[in-house]
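start21.pdb (PDB, C-alpha atoms)
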```pdb
ATOM      1  CA  MET Z   1       0.000   0.000   0.000
ATOM      2  CA  LEU Z   2       1.453   3.349  -1.082
ATOM      3  CA  THR Z   3       1.966   5.886   1.731
ATOM      4  CA  PRO Z   4       2.929   9.591   1.785
ATOM      5  CA  ASP Z   5       6.465   8.607   2.812
ATOM      6  CA  ASP Z   6       6.886   6.788  -0.512
ATOM      7  CA  LEU Z   7       6.899  10.146  -2.311
ATOM      8  CA  GLN Z   8      10.538  10.469  -1.326
ATOM      9  CA  SER Z   9      11.370   7.587  -3.683
ATOM     10  CA  LEU Z  10      10.038   9.383  -6.763
ATOM     11  CA  GLU Z  11      12.887   9.683  -9.263
ATOM     12  CA  SER Z  12      13.169   9.921 -13.019
ATOM     13  CA  ARG Z  13      14.128   6.529 -14.409
ATOM     14  CA  LEU Z  14      12.366   6.816 -17.781
ATOM     15  CA  PRO Z  15      12.157   9.896 -20.031
ATOM     16  CA  VAL Z  16       8.777  11.628 -20.370
ATOM     17  CA  LEU Z  17       7.640  13.519 -23.486
ATOM     18  CA  VAL Z  18       4.518  15.661 -23.014
ATOM     19  CA  ILE Z  19       2.852  16.595 -26.317
ATOM     20  CA  GLY Z  20      -0.066  18.994 -26.429
ATOM     21  CA  ALA Z  21      -1.366  22.423 -25.599
ATOM     22  CA  ALA Z  22      -0.523  25.466 -23.547
ATOM     23  CA  VAL Z  23      -3.494  27.821 -23.815
ATOM     24  CA  VAL Z  24      -5.068  30.684 -21.899
ATOM     25  CA  ASP Z  25      -8.012  29.831 -19.621
ATOM     26  CA  VAL Z  26     -10.480  32.555 -18.680
ATOM     27  CA  ILE Z  27     -12.246  31.068 -15.633
ATOM     28  CA  ALA Z  28     -15.596  32.361 -14.421
ATOM     29  CA  ASP Z  29     -18.284  31.264 -11.968
ATOM     30  CA  ALA Z  30     -21.697  30.706 -13.538
ATOM     31  CA  TYR Z  31     -24.866  30.171 -11.502
ATOM     32  CA  SER Z  32     -26.082  28.032 -14.428
ATOM     33  CA  LEU Z  33     -25.079  27.258 -18.002
ATOM     34  CA  PRO Z  34     -26.518  29.658 -20.584
ATOM     35  CA  HIS Z  35     -29.411  28.703 -22.808
ATOM     36  CA  ARG Z  36     -29.738  29.781 -26.418
ATOM     37  CA  GLY Z  37     -30.467  33.487 -26.593
ATOM     38  CA  SER Z  38     -29.861  34.038 -22.877
ATOM     39  CA  ASP Z  39     -27.579  36.564 -21.216
ATOM     40  CA  ILE Z  40     -26.155  35.429 -17.871
ATOM     41  CA  GLU Z  41     -23.913  37.296 -15.474
ATOM     42  CA  LEU Z  42     -20.507  35.693 -14.798
ATOM     43  CA  HIS Z  43     -18.105  36.274 -11.922
ATOM     44  CA  GLN Z  44     -14.557  36.087 -13.279
ATOM     45  CA  GLN Z  45     -12.162  34.064 -11.125
ATOM     46  CA  GLY Z  46      -9.087  34.851 -13.152
ATOM     47  CA  VAL Z  47      -7.082  34.465 -16.336
ATOM     48  CA  ASN Z  48      -4.776  31.456 -16.164
ATOM     49  CA  VAL Z  49      -2.529  29.584 -18.540
ATOM     50  CA  GLY Z  50      -3.654  25.989 -18.861
ATOM     51  CA  GLY Z  51      -4.183  23.227 -21.380
ATOM     52  CA  CYS Z  52      -4.163  19.505 -20.659
ATOM     53  CA  ALA Z  53      -0.517  18.939 -21.584
ATOM     54  CA  LEU Z  54       0.657  21.988 -19.629
ATOM     55  CA  ASN Z  55      -1.268  20.812 -16.563
ATOM     56  CA  VAL Z  56       0.485  17.443 -16.867
ATOM     57  CA  ALA Z  57       3.871  19.148 -17.267
ATOM     58  CA  ILE Z  58       3.223  21.310 -14.182
ATOM     59  CA  ALA Z  59       2.274  18.283 -12.078
ATOM     60  CA  LEU Z  60       5.424  16.438 -13.166
ATOM     61  CA  HIS Z  61       7.636  19.472 -12.564
ATOM     62  CA  ARG Z  62       6.295  20.061  -9.055
ATOM     63  CA  LEU Z  63       6.732  16.386  -8.174
ATOM     64  CA  GLY Z  64      10.371  16.624  -9.263
ATOM     65  CA  ILE Z  65      10.057  14.561 -12.457
ATOM     66  CA  PRO Z  66      11.649  16.263 -15.513
ATOM     67  CA  SER Z  67       9.838  16.143 -18.837
ATOM     68  CA  ILE Z  68      10.439  17.220 -22.412
ATOM     69  CA  ASN Z  69       7.533  19.536 -23.141
ATOM     70  CA  ALA Z  70       6.326  19.807 -26.729
ATOM     71  CA  LEU Z  71       3.890  22.699 -26.219
ATOM     72  CA  PRO Z  72       3.808  24.800 -29.414
ATOM     73  CA  LEU Z  73       4.325  28.505 -28.791
ATOM     74  CA  GLY Z  74       3.120  30.878 -31.503
ATOM     75  CA  ASN Z  75       3.010  34.637 -32.023
ATOM     76  CA  GLY Z  76       0.294  36.930 -30.661
ATOM     77  CA  THR Z  77      -1.463  38.170 -27.532
ATOM     78  CA  TRP Z  78      -2.273  34.758 -26.091
ATOM     79  CA  ALA Z  79       1.174  33.357 -26.941
ATOM     80  CA  SER Z  80       2.827  36.235 -25.064
ATOM     81  CA  ILE Z  81       0.756  35.465 -21.972
ATOM     82  CA  VAL Z  82       1.662  31.769 -22.264
ATOM     83  CA  ARG Z  83       5.402  32.483 -22.589
ATOM     84  CA  GLN Z  84       5.394  34.752 -19.542
ATOM     85  CA  LYS Z  85       3.546  32.179 -17.469
ATOM     86  CA  LEU Z  86       5.799  29.295 -18.536
ATOM     87  CA  THR Z  87       8.772  31.310 -17.325
ATOM     88  CA  GLU Z  88       7.061  31.792 -13.957
ATOM     89  CA  TYR Z  89       6.334  28.057 -13.762
ATOM     90  CA  GLY Z  90       9.937  27.194 -14.594
ATOM     91  CA  ILE Z  91       8.760  25.129 -17.547
ATOM     92  CA  HIS Z  92      10.409  25.140 -20.982
ATOM     93  CA  SER Z  93       8.802  24.174 -24.292
ATOM     94  CA  VAL Z  94      10.955  22.785 -27.086
ATOM     95  CA  LEU Z  95       8.564  23.899 -29.850
ATOM     96  CA  GLU Z  96       8.257  27.343 -31.449
ATOM     97  CA  THR Z  97       6.134  28.114 -34.502
ATOM     98  CA  ALA Z  98       5.205  31.173 -36.550
ATOM     99  CA  LYS Z  99       1.888  29.712 -37.766
ATOM    100  CA  GLY Z 100      -0.320  31.872 -35.517
ATOM    101  CA  ASP Z 101      -1.368  32.539 -31.940
ATOM    102  CA  ASN Z 102      -1.983  30.098 -29.100
ATOM    103  CA  GLY Z 103      -5.542  29.087 -28.308
ATOM    104  CA  TRP Z 104      -7.762  30.121 -25.411
ATOM    105  CA  CYS Z 105     -10.926  28.958 -23.681
ATOM    106  CA  LEU Z 106     -13.677  30.141 -21.374
ATOM    107  CA  ALA Z 107     -14.198  27.802 -18.403
ATOM    108  CA  LEU Z 108     -17.622  28.107 -16.745
ATOM    109  CA  VAL Z 109     -17.704  26.746 -13.183
ATOM    110  CA  GLU Z 110     -21.137  25.860 -11.768
ATOM    111  CA  PRO Z 111     -21.930  25.971  -8.021
ATOM    112  CA  ASP Z 112     -21.263  22.213  -7.596
ATOM    113  CA  GLY Z 113     -17.754  22.614  -9.034
ATOM    114  CA  GLU Z 114     -18.490  21.095 -12.446
ATOM    115  CA  ARG Z 115     -16.821  22.925 -15.333
ATOM    116  CA  THR Z 116     -17.727  23.467 -18.970
ATOM    117  CA  PHE Z 117     -15.210  24.694 -21.560
ATOM    118  CA  LEU Z 118     -15.755  26.842 -24.656
ATOM    119  CA  SER Z 119     -12.516  26.597 -26.641
ATOM    120  CA  VAL Z 120     -10.806  28.418 -29.530
ATOM    121  CA  SER Z 121      -7.945  26.469 -31.136
ATOM    122  CA  GLY Z 122      -4.547  27.888 -32.006
ATOM    123  CA  VAL Z 123      -1.093  26.591 -32.945
ATOM    124  CA  GLU Z 124      -1.422  23.756 -30.423
ATOM    125  CA  ASN Z 125      -3.647  22.030 -33.001
ATOM    126  CA  GLN Z 126      -1.528  22.726 -36.096
ATOM    127  CA  TRP Z 127       0.880  19.800 -36.094
ATOM    128  CA  ASP Z 128       2.973  18.714 -39.059
ATOM    129  CA  ALA Z 129       5.681  16.108 -39.655
ATOM    130  CA  ALA Z 130       8.488  18.681 -39.758
ATOM    131  CA  LEU Z 131       7.549  20.028 -36.324
ATOM    132  CA  LEU Z 132       7.197  16.577 -34.777
ATOM    133  CA  ASN Z 133      10.459  15.324 -36.277
ATOM    134  CA  THR Z 134      12.355  17.944 -34.258
ATOM    135  CA  LEU Z 135      11.423  16.120 -31.042
ATOM    136  CA  PRO Z 136      14.078  13.918 -29.418
ATOM    137  CA  GLN Z 137      13.529  10.176 -29.901
ATOM    138  CA  LEU Z 138      14.687   8.733 -26.603
ATOM    139  CA  ALA Z 139      14.310   4.996 -26.110
ATOM    140  CA  ASN Z 140      11.690   3.682 -23.672
ATOM    141  CA  ARG Z 141      10.215   7.117 -23.074
ATOM    142  CA  TRP Z 142       6.665   7.728 -21.923
ATOM    143  CA  ILE Z 143       4.669   9.880 -24.363
ATOM    144  CA  TYR Z 144       1.590  11.799 -23.195
ATOM    145  CA  LEU Z 145      -1.152  12.782 -25.671
ATOM    146  CA  SER Z 146      -4.542  14.404 -25.163
ATOM    147  CA  GLY Z 147      -7.710  13.759 -27.131
ATOM    148  CA  TYR Z 148      -7.878  17.464 -27.943
ATOM    149  CA  GLN Z 149      -4.849  17.057 -30.225
ATOM    150  CA  LEU Z 150      -5.822  13.599 -31.529
ATOM    151  CA  THR Z 151      -9.218  14.884 -32.725
ATOM    152  CA  SER Z 152      -7.874  18.116 -34.189
ATOM    153  CA  LYS Z 153      -7.448  18.585 -37.943
ATOM    154  CA  SER Z 154      -3.874  17.351 -37.599
ATOM    155  CA  GLY Z 155      -4.758  14.350 -35.437
ATOM    156  CA  ASP Z 156      -3.851  11.901 -38.194
ATOM    157  CA  VAL Z 157      -0.411  13.536 -38.411
ATOM    158  CA  LEU Z 158       0.179  12.809 -34.725
ATOM    159  CA  ILE Z 159      -0.985   9.202 -35.064
ATOM    160  CA  ALA Z 160       1.224   8.674 -38.128
ATOM    161  CA  TRP Z 161       4.174  10.066 -36.172
ATOM    162  CA  LEU Z 162       3.525   7.554 -33.385
ATOM    163  CA  GLU Z 163       3.328   4.725 -35.913
ATOM    164  CA  GLN Z 164       6.677   5.715 -37.440
ATOM    165  CA  GLN Z 165       8.743   5.884 -34.233
ATOM    166  CA  SER Z 166      12.021   3.989 -34.535
ATOM    167  CA  GLN Z 167      12.645   3.828 -30.770
ATOM    168  CA  PRO Z 168      10.434   1.823 -28.380
ATOM    169  CA  TYR Z 169       8.074   3.953 -26.308
ATOM    170  CA  GLN Z 170       5.106   3.727 -23.950
ATOM    171  CA  LEU Z 171       2.025   5.848 -24.597
ATOM    172  CA  LEU Z 172      -0.445   7.444 -22.187
ATOM    173  CA  VAL Z 173      -3.595   8.812 -23.851
ATOM    174  CA  ASP Z 174      -6.255  10.885 -22.119
ATOM    175  CA  PHE Z 175      -9.041  11.302 -24.680
ATOM    176  CA  GLY Z 176     -11.006  13.506 -22.280
ATOM    177  CA  PRO Z 177     -14.248  15.046 -23.585
ATOM    178  CA  ARG Z 178     -13.051  14.428 -27.154
ATOM    179  CA  LEU Z 179     -13.543  10.657 -26.812
ATOM    180  CA  ALA Z 180     -16.967  10.993 -28.419
ATOM    181  CA  ASP Z 181     -15.408  12.755 -31.423
ATOM    182  CA  ILE Z 182     -12.702  10.276 -32.373
ATOM    183  CA  GLY Z 183     -13.609   8.087 -35.347
ATOM    184  CA  ASP Z 184     -13.453   4.309 -35.385
ATOM    185  CA  ALA Z 185     -10.440   4.227 -37.715
ATOM    186  CA  GLN Z 186      -8.489   6.705 -35.572
ATOM    187  CA  PHE Z 187      -9.432   4.866 -32.386
ATOM    188  CA  GLU Z 188      -8.190   1.546 -33.773
ATOM    189  CA  ARG Z 189      -4.919   3.117 -34.931
ATOM    190  CA  VAL Z 190      -4.332   4.595 -31.471
ATOM    191  CA  MET Z 191      -5.164   1.275 -29.803
ATOM    192  CA  ALA Z 192      -2.708  -0.490 -32.123
ATOM    193  CA  CYS Z 193       0.015   1.514 -30.318
ATOM    194  CA  HIS Z 194      -0.909  -0.387 -27.098
ATOM    195  CA  PRO Z 195      -1.494   2.733 -24.976
ATOM    196  CA  LEU Z 196      -2.451   3.180 -21.373
ATOM    197  CA  ILE Z 197      -5.849   4.893 -21.550
ATOM    198  CA  THR Z 198      -7.162   7.024 -18.686
ATOM    199  CA  VAL Z 199     -10.872   7.938 -18.558
ATOM    200  CA  ASN Z 200     -13.263   9.598 -16.128
ATOM    201  CA  ARG Z 201     -16.788   8.399 -15.312
ATOM    202  CA  GLN Z 202     -18.512   9.966 -18.330
ATOM    203  CA  GLU Z 203     -15.865   8.688 -20.731
ATOM    204  CA  ALA Z 204     -15.955   5.204 -19.190
ATOM    205  CA  GLU Z 205     -19.725   5.081 -19.626
ATOM    206  CA  LEU Z 206     -19.322   6.127 -23.258
ATOM    207  CA  LEU Z 207     -16.851   3.292 -23.862
ATOM    208  CA  TRP Z 208     -19.198   0.870 -22.112
ATOM    209  CA  HIS Z 209     -22.215   1.754 -24.234
ATOM    210  CA  GLU Z 210     -20.605   2.764 -27.550
ATOM    211  CA  ARG Z 211     -17.407   0.709 -27.918
ATOM    212  CA  PHE Z 212     -18.663  -2.422 -26.166
ATOM    213  CA  ASN Z 213     -22.328  -2.022 -27.190
ATOM    214  CA  GLN Z 214     -23.608  -2.682 -23.682
ATOM    215  CA  THR Z 215     -27.254  -1.881 -22.926
ATOM    216  CA  LYS Z 216     -27.169  -2.734 -19.209
ATOM    217  CA  SER Z 217     -26.116  -0.296 -16.517
ATOM    218  CA  PHE Z 218     -22.499   0.829 -16.446
ATOM    219  CA  ASP Z 219     -20.187  -1.365 -14.390
ATOM    220  CA  ALA Z 220     -16.580  -0.195 -14.071
ATOM    221  CA  HIS Z 221     -15.255  -3.629 -13.099
ATOM    222  CA  LEU Z 222     -16.955  -5.303 -16.070
ATOM    223  CA  LEU Z 223     -15.673  -2.549 -18.363
ATOM    224  CA  MET Z 224     -12.115  -3.227 -17.209
ATOM    225  CA  THR Z 225     -12.583  -6.967 -17.718
ATOM    226  CA  CYS Z 226     -13.908  -6.372 -21.249
ATOM    227  CA  TRP Z 227     -10.979  -4.036 -21.932
ATOM    228  CA  GLN Z 228      -8.490  -6.591 -20.661
ATOM    229  CA  GLN Z 229      -9.966  -9.244 -22.941
ATOM    230  CA  ARG Z 230     -10.154  -7.053 -26.053
ATOM    231  CA  PHE Z 231      -7.071  -4.836 -26.033
ATOM    232  CA  ASP Z 232      -3.376  -5.405 -25.459
ATOM    233  CA  GLY Z 233      -3.119  -2.281 -23.349
ATOM    234  CA  ALA Z 234      -3.858  -0.859 -19.923
ATOM    235  CA  MET Z 235      -6.691   1.329 -18.617
ATOM    236  CA  VAL Z 236      -7.346   3.577 -15.648
ATOM    237  CA  VAL Z 237     -10.968   4.400 -14.763
ATOM    238  CA  ARG Z 238     -11.353   7.456 -12.515
ATOM    239  CA  LEU Z 239     -14.614   7.568 -10.548
ATOM    240  CA  ASP Z 240     -14.208  10.681  -8.402
ATOM    241  CA  SER Z 241     -14.775   9.960  -4.691
ATOM    242  CA  GLU Z 242     -15.050   6.236  -5.428
ATOM    243  CA  GLY Z 243     -11.387   6.085  -6.388
ATOM    244  CA  ALA Z 244      -9.875   4.672  -9.562
ATOM    245  CA  GLY Z 245      -9.712   1.229 -11.098
ATOM    246  CA  PHE Z 246      -6.840  -0.062 -13.187
ATOM    247  CA  VAL Z 247      -6.240  -2.993 -15.475
ATOM    248  CA  ASN Z 248      -3.506  -4.345 -17.739
ATOM    249  CA  ALA Z 249      -2.763  -7.713 -19.315
ATOM    250  CA  GLU Z 250      -1.768  -9.261 -15.981
ATOM    251  CA  THR Z 251      -3.826  -7.626 -13.261
ATOM    252  CA  GLN Z 252      -6.899  -5.646 -12.269
ATOM    253  CA  GLY Z 253      -7.425  -3.626  -9.108
ATOM    254  CA  TRP Z 254      -8.878  -0.597  -7.376
ATOM    255  CA  MET Z 255      -7.274   2.268  -5.450
ATOM    256  CA  PRO Z 256      -9.393   4.360  -3.052
ATOM    257  CA  ALA Z 257      -9.651   8.126  -3.326
ATOM    258  CA  LEU Z 258      -8.397  10.511  -0.670
ATOM    259  CA  PRO Z 259     -11.508  12.173   0.823
ATOM    260  CA  THR Z 260     -11.709  15.924   0.286
ATOM    261  CA  LYS Z 261     -14.101  18.841  -0.134
ATOM    262  CA  VAL Z 262     -14.408  19.808  -3.804
ATOM    263  CA  ALA Z 263     -13.784  23.472  -4.687
ATOM    264  CA  ASP Z 264     -13.785  22.867  -8.445
ATOM    265  CA  THR Z 265     -12.682  20.104 -10.808
ATOM    266  CA  ILE Z 266     -10.576  22.163 -13.237
ATOM    267  CA  GLY Z 267      -7.367  20.306 -14.054
ATOM    268  CA  ALA Z 268      -8.255  17.270 -11.920
ATOM    269  CA  GLY Z 269      -7.990  14.701 -14.699
ATOM    270  CA  ASP Z 270      -4.825  16.267 -16.112
ATOM    271  CA  SER Z 271      -3.196  16.369 -12.687
ATOM    272  CA  HIS Z 272      -4.165  12.739 -12.116
ATOM    273  CA  ALA Z 273      -2.403  11.914 -15.395
ATOM    274  CA  GLY Z 274       0.639  13.886 -14.207
ATOM    275  CA  GLY Z 275       0.771  11.922 -10.967
ATOM    276  CA  LEU Z 276       0.253   8.684 -12.870
ATOM    277  CA  LEU Z 277       3.138   9.524 -15.214
ATOM    278  CA  ALA Z 278       5.372  10.544 -12.306
ATOM    279  CA  GLY Z 279       4.933   7.111 -10.775
ATOM    280  CA  LEU Z 280       5.390   5.227 -14.029
ATOM    281  CA  ALA Z 281       8.497   7.250 -14.949
ATOM    282  CA  SER Z 282       9.891   6.315 -11.527
ATOM    283  CA  GLY Z 283       9.461   2.625 -12.263
ATOM    284  CA  TRP Z 284       6.487   2.260  -9.892
ATOM    285  CA  SER Z 285       3.780  -0.325 -10.543
ATOM    286  CA  LEU Z 286       0.513   0.697 -12.193
ATOM    287  CA  ALA Z 287      -1.292   0.308  -8.851
ATOM    288  CA  GLU Z 288       1.179   2.575  -7.035
ATOM    289  CA  SER Z 289       1.075   5.128  -9.859
ATOM    290  CA  VAL Z 290      -2.739   5.220  -9.774
ATOM    291  CA  ALA Z 291      -2.630   5.809  -6.002
ATOM    292  CA  LEU Z 292      -0.280   8.734  -6.597
ATOM    293  CA  GLY Z 293      -2.593  10.114  -9.287
ATOM    294  CA  ASN Z 294      -5.523   9.851  -6.853
ATOM    295  CA  ALA Z 295      -3.630  11.832  -4.213
ATOM    296  CA  VAL Z 296      -2.613  14.578  -6.655
ATOM    297  CA  ALA Z 297      -6.158  14.866  -8.039
ATOM    298  CA  SER Z 298      -7.626  14.977  -4.518
ATOM    299  CA  TYR Z 299      -5.435  17.954  -3.677
ATOM    300  CA  VAL Z 300      -6.221  19.731  -6.959
ATOM    301  CA  VAL Z 301     -10.018  19.521  -6.579
ATOM    302  CA  SER Z 302      -9.718  20.958  -3.069
ATOM    303  CA  GLN Z 303      -8.251  24.158  -4.578
ATOM    304  CA  ARG Z 304      -9.662  26.849  -6.862
ATOM    305  CA  GLY Z 305      -8.448  27.140 -10.457
ATOM    306  CA  GLY Z 306      -6.257  25.012 -12.701
ATOM    307  CA  ASP Z 307      -2.774  26.054 -11.534
ATOM    308  CA  CYS Z 308      -2.730  24.201  -8.233
ATOM    309  CA  ALA Z 309      -0.857  20.904  -8.635
ATOM    310  CA  PRO Z 310       1.119  20.353  -5.405
ATOM    311  CA  ASP Z 311       4.840  20.025  -4.963
ATOM    312  CA  ARG Z 312       6.157  16.949  -3.197
ATOM    313  CA  ALA Z 313       6.271  18.489   0.297
ATOM    314  CA  THR Z 314       2.765  19.963   0.000
ATOM    315  CA  LEU Z 315       1.337  16.672  -1.248
ATOM    316  CA  THR Z 316       3.042  14.722   1.541
ATOM    317  CA  ALA Z 317       1.536  16.991   4.207
ATOM    318  CA  TYR Z 318      -1.904  16.954   2.571
ATOM    319  CA  TRP Z 319      -1.875  13.165   2.192
ATOM    320  CA  GLN Z 320      -0.875  12.629   5.819
ATOM    321  CA  GLN Z 321      -3.624  14.993   6.958
ATOM    322  CA  ARG Z 322      -6.268  13.113   4.941
ATOM    323  CA  LEU Z 323      -5.206   9.819   6.494
ATOM    324  CA  THR Z 324      -5.271  11.146  10.086
ATOM    325  CA  PRO Z 325      -8.545  10.369  11.929
ATOM    326  CA  GLN Z 326     -10.428  13.564  12.761
TER     327      GLN Z 326
END
```

Would it be possible to restate this file's structure as structure tokens?
Amino acid sequence: MLTPDDLQSLESRLPVLVIGAAVVDVIADAYSLPHRGSDIELHQQGVNVGGCALNVAIALHRLGIPSINALPLGNGTWASIVRQKLTEYGIHSVLETAKGDNGWCLALVEPDGERTFLSVSGVENQWDAALLNTLPQLANRWIYLSGYQLTSKSGDVLIAWLEQQSQPYQLLVDFGPRLADIGDAQFERVMACHPLITVNRQEAELLWHERFNQTKSFDAHLLMTCWQQRFDGAMVVRLDSEGAGFVNAETQGWMPALPTKVADTIGAGDSHAGGLLAGLASGWSLAESVALGNAVASYVVSQRGGDCAPDRATLTAYWQQRLTPQ
């Protein structure tokens, strides 16, 4: 059983390549989501720099795990904000492009903490072979990819790049809300790369009903068994306060969540993926890495905004506090 003290053994044994977006998030509280033709009053929380891949890179950085960050930086107002913020974070991107500005999104946070994104794409979704071929090809590296990039207009370019890698690698894919948008052919090509897939409750239910054609009620354990039987790859199923299940070719299990009071869920899934990658890059087992992801995500949902992944000392203290009887 993983404990807070085990965080001291985190160390980079495998390279990590994070591919994806750094974008500007305008975050606002909304008493309800707008209807067509409506005009609702928002309370702005702030203007942050986010993006799934950046959130993963931040989580890794704060846990002391170095990563090669392929976060395209363009030219324009949003790109300038992103560059300034990356400098503050102490994070470097290896990709520069003159194709345009970085993207941005409006994140609406409802009273129960649920968030809805309205996004405008930028250079983070304009991939080409020349850009990707500048990335270092280190053997046995972990590669992170988000569904936002895989379902963009250049998604096929990214998949083709994965298929053409000359060095062995391990792939972590978080399809996120874009799972419903990926076509059957693309999905099969991604699965042929034998990735570790991480999904939340909504995405798991979509897989259950759409990919496995199940009409009965969603069952996470049965989904993982079906996945194990059908694919030569691993899966993590994140079910909020219920914890997270995991499965690969050899094993299946469940790791409990750390109890917490939810402030909002922005960046929770990305931070879980960052914790998961930190464990895997340290040579930890899938079970131990999922437990770490659970702890990181628990801390993140207890805070406001997306830029709140904990450093190692903060996470250790938080984890110990959650385990202490009140």

>> For the PyMOL selection byres ((chain Z and resi 130-132) around 10), applied here, can you spell out every residue it catches as a list in words?
In response: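 So the PyMOL selection byres ((chain Z and resi 130-132) around 10), applied here, picks out Ile19, Ala70, Pro72, Leu95, Glu96, Thr97, Gln126, Trp127, Asp128, Ala129, Asn133, Thr134, Leu135, Pro136, Val157, Leu158, Trp161 and Leu162 of chain Z.
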
Only C-alpha atoms, please: the residues just picked out, written as a PDB file, in the frame of the given file.
```
ATOM      1  CA  ILE Z  19       2.852  16.595 -26.317  1.00  0.00           C
ATOM      2  CA  ALA Z  70       6.326  19.807 -26.729  1.00  0.00           C
ATOM      3  CA  PRO Z  72       3.808  24.800 -29.414  1.00  0.00           C
ATOM      4  CA  LEU Z  95       8.564  23.899 -29.850  1.00  0.00           C
ATOM      5  CA  GLU Z  96       8.257  27.343 -31.449  1.00  0.00           C
ATOM      6  CA  THR Z  97       6.134  28.114 -34.502  1.00  0.00           C
ATOM      7  CA  GLN Z 126      -1.528  22.726 -36.096  1.00  0.00           C
ATOM      8  CA  TRP Z 127       0.880  19.800 -36.094  1.00  0.00           C
ATOM      9  CA  ASP Z 128       2.973  18.714 -39.059  1.00  0.00           C
ATOM     10  CA  ALA Z 129       5.681  16.108 -39.655  1.00  0.00           C
ATOM     11  CA  ASN Z 133      10.459  15.324 -36.277  1.00  0.00           C
ATOM     12  CA  THR Z 134      12.355  17.944 -34.258  1.00  0.00           C
ATOM     13  CA  LEU Z 135      11.423  16.120 -31.042  1.00  0.00           C
ATOM     14  CA  PRO Z 136      14.078  13.918 -29.418  1.00  0.00           C
ATOM     15  CA  VAL Z 157      -0.411  13.536 -38.411  1.00  0.00           C
ATOM     16  CA  LEU Z 158       0.179  12.809 -34.725  1.00  0.00           C
ATOM     17  CA  TRP Z 161       4.174  10.066 -36.172  1.00  0.00           C
ATOM     18  CA  LEU Z 162       3.525   7.554 -33.385  1.00  0.00           C
TER      19      LEU Z 162
END
```

>> When the PyMOL selection byres ((chain Z and resi 204) around 10) is applied to the structure above, which residues does it catch, written out as a list in words?
In response: Leu179, Thr198, Val199, Asn200, Arg201, Gln202, Glu203, Glu205, Leu206, Leu207, Trp208, His209, Glu210, Arg211, Phe218, Asp219, Ala220, Leu223, Met224, Val236, Val237, Arg238 and Leu239 of chain Z

> How would you write, as a ChimeraX atom specification, the residues chosen by the PyMOL selection byres ((chain Z and resi 111) around 8) on this structure?
Replying inline: /Z:29-32,109-110,112-114

> Restricting the calculation to all atoms listed in the file, which member of Z:Ser166, Z:Ser146, Z:Asn140, Z:Gln228 is positioned closest to Val56 of chain Z?
Replying inline: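 Among the listed residues, Z:Ser146 lies closest to Val56 of chain Z.
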
> Quick one: distance from atom CA of Pro15 of chain Z to atom CA of Asn69 of chain Z in Å, one decimal?
Replying inline: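 That distance, rounded to one decimal, is 11.1 Å.
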
> For the atom pair atom CA of Glu163 of chain Z and atom CA of Gly176 of chain Z, what is the interatomic distance in Å to one decimal place?
Replying inline: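 About the pair atom CA of Glu163 of chain Z and atom CA of Gly176 of chain Z: they are 21.6 Å apart.
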
> Which value, in Å to one decimal, gives the distance between atom CA of Lys99 of chain Z and atom CA of Val120 of chain Z?
Replying inline: 15.2 Å

> Which residues, written as a list in words, have at least one atom at most 6 Å from Ala281 of chain Z, with only C-alpha atoms counted and residues fewer than 4 positions away on the same chain left out?
Replying inline: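 Listed by chain and then number, they are Ser12, Arg13, Leu14 and Leu277 of chain Z.
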